[in-house]
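Student: Compact mmCIF, C-alpha atoms (C1' of nucleotides), saved as work17.txt, coming up:
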# COMPACT_ATOMS: atom_id res chain seq x y z
CA MET A 8 -2.01 14.35 -14.41
CA ARG A 9 -2.05 13.58 -10.71
CA ILE A 10 -1.60 9.98 -9.59
CA ALA A 11 -1.71 8.77 -5.99
CA THR A 12 -1.54 5.66 -3.84
CA TRP A 13 -3.07 4.99 -0.43
CA ASN A 14 -3.33 1.91 1.76
CA VAL A 15 -6.63 2.72 3.47
CA ASN A 16 -6.69 -0.31 5.84
CA SER A 17 -10.42 -1.05 5.35
CA LEU A 18 -12.34 0.98 2.77
CA THR A 19 -15.51 0.59 4.84
CA VAL A 20 -14.00 2.35 7.84
CA ARG A 21 -12.03 4.89 5.81
CA LEU A 22 -14.68 5.94 3.27
CA PRO A 23 -15.31 9.32 4.98
CA HIS A 24 -11.56 10.05 4.97
CA LEU A 25 -11.30 8.96 1.36
CA THR A 26 -14.14 11.14 0.10
CA GLN A 27 -12.80 14.11 2.05
CA TRP A 28 -9.31 13.57 0.67
CA LEU A 29 -10.49 13.13 -2.93
CA GLN A 30 -12.20 16.49 -2.78
CA SER A 31 -9.10 18.28 -1.55
CA ALA A 32 -6.33 16.41 -3.42
CA GLN A 33 -8.28 15.80 -6.64
CA PRO A 34 -6.14 12.98 -8.03
CA ASP A 35 -6.90 11.79 -11.58
CA LEU A 36 -5.92 8.24 -10.65
CA LEU A 37 -5.74 6.71 -7.19
CA GLY A 38 -4.68 3.20 -6.27
CA LEU A 39 -6.06 1.83 -3.01
CA GLN A 40 -4.78 -1.13 -1.05
CA GLU A 41 -6.22 -3.19 1.81
CA ILE A 42 -9.80 -2.34 0.93
CA LYS A 43 -10.81 -5.53 2.81
CA LEU A 44 -14.13 -6.02 1.07
CA THR A 45 -15.57 -8.05 -1.77
CA ASP A 46 -16.47 -6.42 -5.09
CA ASP A 47 -20.22 -6.66 -4.42
CA LYS A 48 -19.73 -4.39 -1.39
CA PHE A 49 -17.58 -1.79 -3.17
CA PRO A 50 -18.98 1.74 -2.52
CA HIS A 51 -19.30 2.77 -6.17
CA GLU A 52 -22.09 5.26 -5.57
CA PRO A 53 -20.46 7.82 -3.22
CA LEU A 54 -17.29 7.75 -5.32
CA GLN A 55 -19.24 8.10 -8.56
CA GLN A 56 -20.85 11.20 -7.07
CA LEU A 57 -17.38 12.70 -6.77
CA GLY A 58 -16.69 11.91 -10.42
CA TYR A 59 -14.71 8.72 -9.92
CA HIS A 60 -15.10 5.55 -11.91
CA CYS A 61 -13.75 2.60 -9.95
CA ILE A 62 -12.48 -0.86 -10.65
CA ALA A 63 -11.74 -3.27 -7.84
CA HIS A 64 -10.19 -6.61 -7.14
CA GLY A 65 -11.43 -7.27 -3.66
CA GLN A 66 -11.37 -10.01 -1.08
CA LYS A 67 -13.20 -10.67 2.16
CA THR A 68 -11.39 -9.55 5.35
CA TYR A 69 -7.89 -9.20 3.92
CA ASN A 70 -6.01 -7.48 1.09
CA GLY A 71 -7.98 -6.11 -1.86
CA VAL A 72 -6.99 -3.39 -4.33
CA ALA A 73 -8.87 -0.79 -6.37
CA ILE A 74 -8.25 1.99 -8.87
CA LEU A 75 -10.28 5.22 -8.89
CA SER A 76 -10.24 7.41 -11.99
CA LYS A 77 -11.78 10.66 -13.05
CA LEU A 78 -10.17 10.58 -16.50
CA ALA A 79 -12.29 10.53 -19.65
CA GLU A 80 -10.73 7.30 -20.88
CA ALA A 81 -12.27 4.05 -19.68
CA PRO A 82 -9.80 1.53 -18.23
CA GLN A 83 -8.51 -0.97 -20.77
CA ASP A 84 -6.77 -4.34 -20.44
CA ILE A 85 -7.67 -4.82 -16.80
CA GLN A 86 -5.50 -7.42 -15.14
CA THR A 87 -5.79 -8.97 -11.67
CA ARG A 88 -3.58 -12.04 -11.92
CA LEU A 89 0.16 -12.01 -11.48
CA PRO A 90 1.70 -14.39 -14.02
CA GLY A 91 3.59 -17.04 -12.10
CA MET A 92 1.26 -16.66 -9.12
CA ALA A 93 -1.90 -17.69 -10.95
CA GLU A 94 -3.13 -19.84 -8.08
CA ASP A 95 -2.64 -17.08 -5.50
CA PRO A 96 -5.99 -16.60 -3.73
CA GLN A 97 -4.88 -13.23 -2.29
CA SER A 98 -6.06 -10.08 -4.11
CA ARG A 99 -2.92 -7.99 -4.41
CA LEU A 100 -2.70 -6.72 -7.98
CA LEU A 101 -4.84 -4.57 -10.24
CA ALA A 102 -3.55 -3.11 -13.51
CA ALA A 103 -5.30 -1.08 -16.20
CA THR A 104 -4.51 1.26 -19.07
CA TYR A 105 -5.91 4.81 -19.12
CA GLY A 106 -5.15 6.46 -22.46
CA GLU A 107 -1.41 6.02 -22.87
CA VAL A 108 -0.70 5.37 -19.20
CA ARG A 109 -0.42 1.84 -17.87
CA LEU A 110 -1.10 1.81 -14.12
CA ILE A 111 -0.11 -1.16 -11.98
CA ASN A 112 -1.43 -1.03 -8.42
CA VAL A 113 0.00 -3.50 -5.91
CA TYR A 114 -0.26 -4.60 -2.33
CA ILE A 115 2.95 -6.54 -1.87
CA PRO A 116 2.87 -9.13 0.95
CA ASN A 117 4.04 -8.01 4.38
CA GLY A 118 6.25 -11.01 5.07
CA ALA A 119 5.57 -11.25 8.82
CA GLU A 120 9.07 -12.25 9.88
CA VAL A 121 12.29 -12.95 7.97
CA GLY A 122 12.53 -16.69 7.31
CA SER A 123 8.84 -17.43 7.95
CA ASP A 124 6.47 -19.06 5.46
CA LYS A 125 4.92 -15.66 4.84
CA PHE A 126 8.36 -14.22 4.16
CA ASN A 127 9.03 -16.92 1.58
CA TYR A 128 5.66 -16.18 0.01
CA LYS A 129 6.68 -12.51 -0.15
CA LEU A 130 9.96 -13.34 -1.91
CA GLN A 131 8.15 -15.65 -4.34
CA TRP A 132 5.63 -12.90 -5.01
CA LEU A 133 8.41 -10.34 -5.56
CA SER A 134 10.18 -12.66 -7.97
CA ALA A 135 7.03 -13.10 -10.08
CA PHE A 136 6.33 -9.37 -9.84
CA THR A 137 9.80 -8.43 -11.09
CA ALA A 138 9.35 -10.60 -14.19
CA TYR A 139 5.91 -9.07 -14.71
CA ILE A 140 7.30 -5.52 -14.51
CA LYS A 141 10.13 -6.36 -16.90
CA GLU A 142 7.55 -7.40 -19.46
CA ALA A 143 5.33 -4.39 -18.75
CA LEU A 144 8.25 -2.01 -19.35
CA ARG A 145 8.68 -3.57 -22.79
CA THR A 146 5.00 -3.18 -23.57
CA TYR A 147 4.08 0.18 -22.10
CA PRO A 148 6.36 3.24 -22.49
CA LYS A 149 4.29 5.20 -19.98
CA LEU A 150 4.26 2.87 -17.01
CA VAL A 151 3.38 3.82 -13.42
CA VAL A 152 3.78 1.26 -10.64
CA ILE A 153 2.14 2.30 -7.39
CA GLY A 154 1.20 0.79 -4.08
CA ASP A 155 2.16 -0.53 -0.71
CA PHE A 156 5.44 -2.29 -1.46
CA ASN A 157 6.11 -3.28 2.15
CA ILE A 158 9.78 -2.47 1.51
CA ALA A 159 11.70 0.52 2.87
CA PRO A 160 14.30 0.83 0.09
CA ASP A 161 16.98 2.71 2.01
CA ASP A 162 18.02 3.53 5.56
CA ARG A 163 16.79 7.07 4.88
CA ASP A 164 13.34 5.50 4.73
CA VAL A 165 13.56 4.08 8.26
CA HIS A 166 13.20 6.08 11.48
CA ASP A 167 15.66 3.86 13.38
CA PRO A 168 17.79 1.87 10.93
CA LYS A 169 19.76 0.17 13.70
CA ALA A 170 16.66 -1.09 15.47
CA TRP A 171 15.19 -2.29 12.18
CA GLU A 172 18.37 -3.78 10.71
CA GLY A 173 17.76 -7.14 9.06
CA SER A 174 14.07 -7.30 9.94
CA VAL A 175 11.15 -7.64 7.61
CA LEU A 176 10.50 -4.58 5.36
CA VAL A 177 14.18 -3.61 5.38
CA SER A 178 16.05 -6.92 4.94
CA PRO A 179 18.61 -7.21 2.12
CA GLN A 180 16.58 -10.06 0.60
CA GLU A 181 13.65 -7.70 0.12
CA ARG A 182 15.63 -4.61 -0.82
CA VAL A 183 17.38 -6.42 -3.65
CA TYR A 184 14.01 -6.84 -5.36
CA PHE A 185 13.30 -3.13 -5.04
CA SER A 186 16.75 -2.39 -6.50
CA GLN A 187 15.99 -4.74 -9.39
CA LEU A 188 12.88 -2.73 -10.25
CA LEU A 189 15.08 0.37 -10.49
CA GLU A 190 17.68 -1.50 -12.54
CA LEU A 191 14.95 -2.48 -14.98
CA GLY A 192 14.46 1.23 -15.64
CA LEU A 193 11.89 2.40 -13.14
CA THR A 194 12.55 5.49 -11.01
CA ASP A 195 11.48 6.06 -7.40
CA SER A 196 9.69 9.34 -8.11
CA PHE A 197 10.02 10.46 -4.48
CA ARG A 198 13.81 10.58 -4.79
CA LEU A 199 13.71 12.66 -7.97
CA PHE A 200 13.23 15.67 -5.72
CA GLU A 201 14.74 17.13 -2.60
CA GLN A 202 12.64 15.87 0.31
CA PRO A 203 12.34 16.67 3.99
CA VAL A 204 14.50 14.37 6.11
CA GLU A 205 12.60 11.65 7.96
CA SER A 206 9.79 11.41 5.41
CA TYR A 207 7.62 8.36 5.96
CA SER A 208 4.34 6.94 4.64
CA TRP A 209 3.46 4.49 7.45
CA TRP A 210 3.48 4.71 11.24
CA ASP A 211 2.56 1.95 13.70
CA TYR A 212 -0.71 2.50 15.52
CA ARG A 213 1.05 1.63 18.76
CA ALA A 214 3.39 3.53 21.05
CA ALA A 215 2.45 6.97 19.67
CA ALA A 216 4.55 6.23 16.62
CA PHE A 217 3.04 8.98 14.50
CA VAL A 218 3.51 11.86 16.92
CA ARG A 219 7.10 10.69 17.46
CA ASN A 220 7.51 10.27 13.68
CA HIS A 221 8.63 6.67 14.14
CA GLY A 222 7.75 5.64 10.59
CA LEU A 223 8.82 3.89 7.45
CA ARG A 224 8.55 4.87 3.79
CA ILE A 225 7.06 1.74 2.24
CA ASP A 226 4.44 3.20 -0.15
CA HIS A 227 5.90 4.11 -3.50
CA ILE A 228 5.28 5.50 -6.96
CA LEU A 229 7.70 4.18 -9.57
CA ILE A 230 7.70 5.59 -13.11
CA SER A 231 9.17 4.61 -16.46
CA PRO A 232 11.81 6.74 -18.29
CA ALA A 233 9.26 8.41 -20.59
CA LEU A 234 7.51 9.79 -17.49
CA THR A 235 10.58 10.66 -15.41
CA GLU A 236 11.31 13.74 -17.49
CA LYS A 237 7.67 14.83 -17.16
CA CYS A 238 7.44 14.26 -13.42
CA GLN A 239 6.97 17.59 -11.61
CA SER A 240 6.65 16.57 -7.97
CA CYS A 241 6.26 13.70 -5.57
CA THR A 242 4.92 14.33 -2.09
CA ILE A 243 3.64 12.47 0.94
CA ASP A 244 0.44 13.93 2.38
CA ILE A 245 0.44 13.27 6.12
CA ALA A 246 -2.79 15.20 6.76
CA PRO A 247 -5.08 12.12 6.69
CA ARG A 248 -2.88 10.41 9.31
CA LYS A 249 -3.82 13.20 11.75
CA LEU A 250 -7.57 12.57 11.53
CA GLU A 251 -9.66 10.61 14.03
CA ARG A 252 -9.39 6.86 13.42
CA PRO A 253 -6.87 7.13 10.59
CA SER A 254 -5.34 4.53 8.33
CA ASP A 255 -1.81 3.68 9.46
CA HIS A 256 -0.65 4.63 5.94
CA THR A 257 -0.93 8.02 4.28
CA PRO A 258 -1.18 8.99 0.58
CA VAL A 259 1.74 9.49 -1.80
CA ILE A 260 1.13 11.75 -4.81
CA VAL A 261 2.90 12.50 -8.09
CA ASP A 262 2.19 15.21 -10.61
CA ILE A 263 3.13 14.40 -14.19
CA HIS A 264 3.06 17.00 -16.95
CA GLU A 265 0.73 15.90 -19.74
C1' DA B 18 10.00 -4.05 26.35
C1' DT B 19 7.74 -9.43 21.68
C1' DG B 20 3.70 -5.36 24.06
C1' DG B 21 2.25 -1.33 22.61
C1' DC B 22 -3.16 -0.42 18.27
C1' DT B 23 -6.58 -1.35 14.85
C1' DG B 24 -9.71 -4.09 11.83
C1' DC B 25 -11.85 -8.18 11.14
C1' DT B 26 -14.38 -12.27 12.43
C1' DT B 27 -20.71 -16.34 12.09
C1' DT B 28 -19.32 -11.50 18.94
C1' DG B 29 -15.16 -12.73 21.22
C1' DA B 30 -10.59 -14.33 21.46
C1' DG B 31 -7.38 -14.85 17.84
C1' DC B 32 -5.31 -13.61 13.52
C1' DA B 33 -3.06 -10.17 10.64
C1' DG B 34 -0.82 -6.13 9.82
C1' DA B 35 4.19 -3.61 9.72
With the file now loaded, output its structure as structure tokens.

Tutor:
Amino acid sequence: MRIATWNVNSLTVRLPHLTQWLQSAQPDLLGLQEIKLTDDKFPHEPLQQLGYHCIAHGQKTYNGVAILSKLAEAPQDIQTRLPGMAEDPQSRLLAATYGEVRLINVYIPNGAEVGSDKFNYKLQWLSAFTAYIKEALRTYPKLVVIGDFNIAPDDRDVHDPKAWEGSVLVSPQERVYFSQLLELGLTDSFRLFEQPVESYSWWDYRAAAFVRNHGLRIDHILISPALTEKCQSCTIDIAPRKLERPSDHTPVIVDIHE
DNA sequence: ATGGCTGCTTTGAGCAGA
């Protein structure tokens, strides 16, 4: 089974890239973030034509998440609300069960700047999310947590750790939450395998960041113990970032032996 | 270097992203 995550930064703009990528990568499950459209505008038809059944939790202008599936099993126990953040108007979570696999797709807040209101919202969100994942690990042996975490877990995941030190996406306050997810039993599937140095999943649109490989690894696929032993590979596909008018993020993919 | 791009918005300057 192939599972992937991709922050598309507007599904409307990126639909041609998405359909092209689906045909080449052929994921069974794909979590999208920042679709930036409401559910009534979701492009079900072109994705259905490629064999994908989609569920979405959208929002106008900002945020929005979706899951695409070409598995036989219909999604069960669909969840869009993060317990503890029930009043949150921002669409950042979509979870569903496909057969034995529980998939949680997230767009974790950016945080703007350490110490800002948005940063505090991010920490509050991460706190509620950690409790939610703890419970999910108890409930679902085969758990996959994917998405744009907006956290670079380690200095290896940062092109210039000195320049980024202490700033949003790499601050200790944020990284401790990522560590907690690992302490709960999840594994960062990317680090199960030997990887090229300077592997990133996001590059700023500005200052030719991509061609200079000035990036961060902030998109992740975390898996529960029952899946760790079955995980065969985890890769970042930078090909879509090279296209005309790309998303600033690129897909991350895992292959899990059935 | 606090900009630098890009996407969105009752369309045009300002917000948000990371």

Student: Give me, as a list in words, the contact residues of chain B against chain A at a cut-off of 9 Å, counting all atoms listed in the file.

Tutor: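 Here they are: DG21, DC22, DT23, DG24, DC25, DT26, DA33, DG34 and DA35 of chain B.
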
Student: By how many Å are atom CA of A:Glu94 and atom CA of A:Ala143 apart?

Tutor: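 The value is 20.6 Å.
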
Student: Any idea what the distance is between atom CA of A:Asn70 and atom CA of A:Leu191?

Tutor: 26.9 Å

Student: Applying 8 Å and all atoms listed in the file, which residues near A:Gln83 remain after dropping the ones on its own chain fewer than 6 positions away? List them as a PDB file with C-alpha atoms, in the frame of the given file.

Tutor:
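Saved result, result_16.pdb, follows:
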ATOM      1  CA  ALA A 103      -5.300  -1.080 -16.200  1.00  0.00           C
ATOM      2  CA  THR A 104      -4.510   1.260 -19.070  1.00  0.00           C
ATOM      3  CA  TYR A 105      -5.910   4.810 -19.120  1.00  0.00           C
TER       4      TYR A 105
END

Student: Find the distance between atom CA of A:Pro160 and atom CA of A:Arg182 and write it in Å to one decimal.

Tutor: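 If I compute the distance from atom CA of A:Pro160 to atom CA of A:Arg182, I get 5.7 Å.
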
Student: Excluding A:Ile111 and its own-chain neighbours fewer than 4 positions away, which residues fall within 10 Å of it when counting only C-alpha atoms (C1' of nucleotides)? Please give them as a list of chain:residue names.

Tutor: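 Result of the neighbour search: A:Gly38, A:Ile74, A:Ile85, A:Gln86, A:Thr87, A:Leu100, A:Leu101, A:Ala102, A:Ala103, A:Thr104, A:Ile140, A:Ala143, A:Leu150, A:Val151, A:Val152, A:Ile153, A:Gly154, A:Ile228, A:Leu229.
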
Student: Give as a list in words every residue, naming chains and numbers as the document does, that has an atom within 9 Å of (-7.2, 6.7, -7.5), counting all atoms listed in the file.

Tutor: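 Applying the cut-off with all atoms listed in the file, one gets Ile10, Ala11, Thr12, Trp13, Leu29, Pro34, Asp35, Leu36, Leu37, Gly38, Leu39, Tyr59, Cys61, Ala73, Ile74, Leu75, Ser76 and Lys77 of chain A.
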
Student: Using all atoms listed in the file, which of A:Ala63, A:Ala79, A:Gly106, A:Gln131 sits nearest A:Gly91?

Tutor: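 Among A:Ala63, A:Ala79, A:Gly106, A:Gln131, it is A:Gln131 that comes nearest to A:Gly91.
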
Student: Would you give the centre and edge lengths, in Å to one decimal, of a box along x, y and z around the listed atoms of stretch 68-76 of chain A, with 5 Å added to each side, as AutoDock Vina command-line options?

Tutor:
--center_x -8.7 --center_y -1.1 --center_z -3.3 --size_x 15.4 --size_y 27.0 --size_z 27.3

Student: Kindly indicate which residue among A:Ala138, A:Val177, A:Leu189, A:Leu18 lies nearest to A:Glu41, using all atoms listed in the file for the distances.

Tutor: A:Leu18
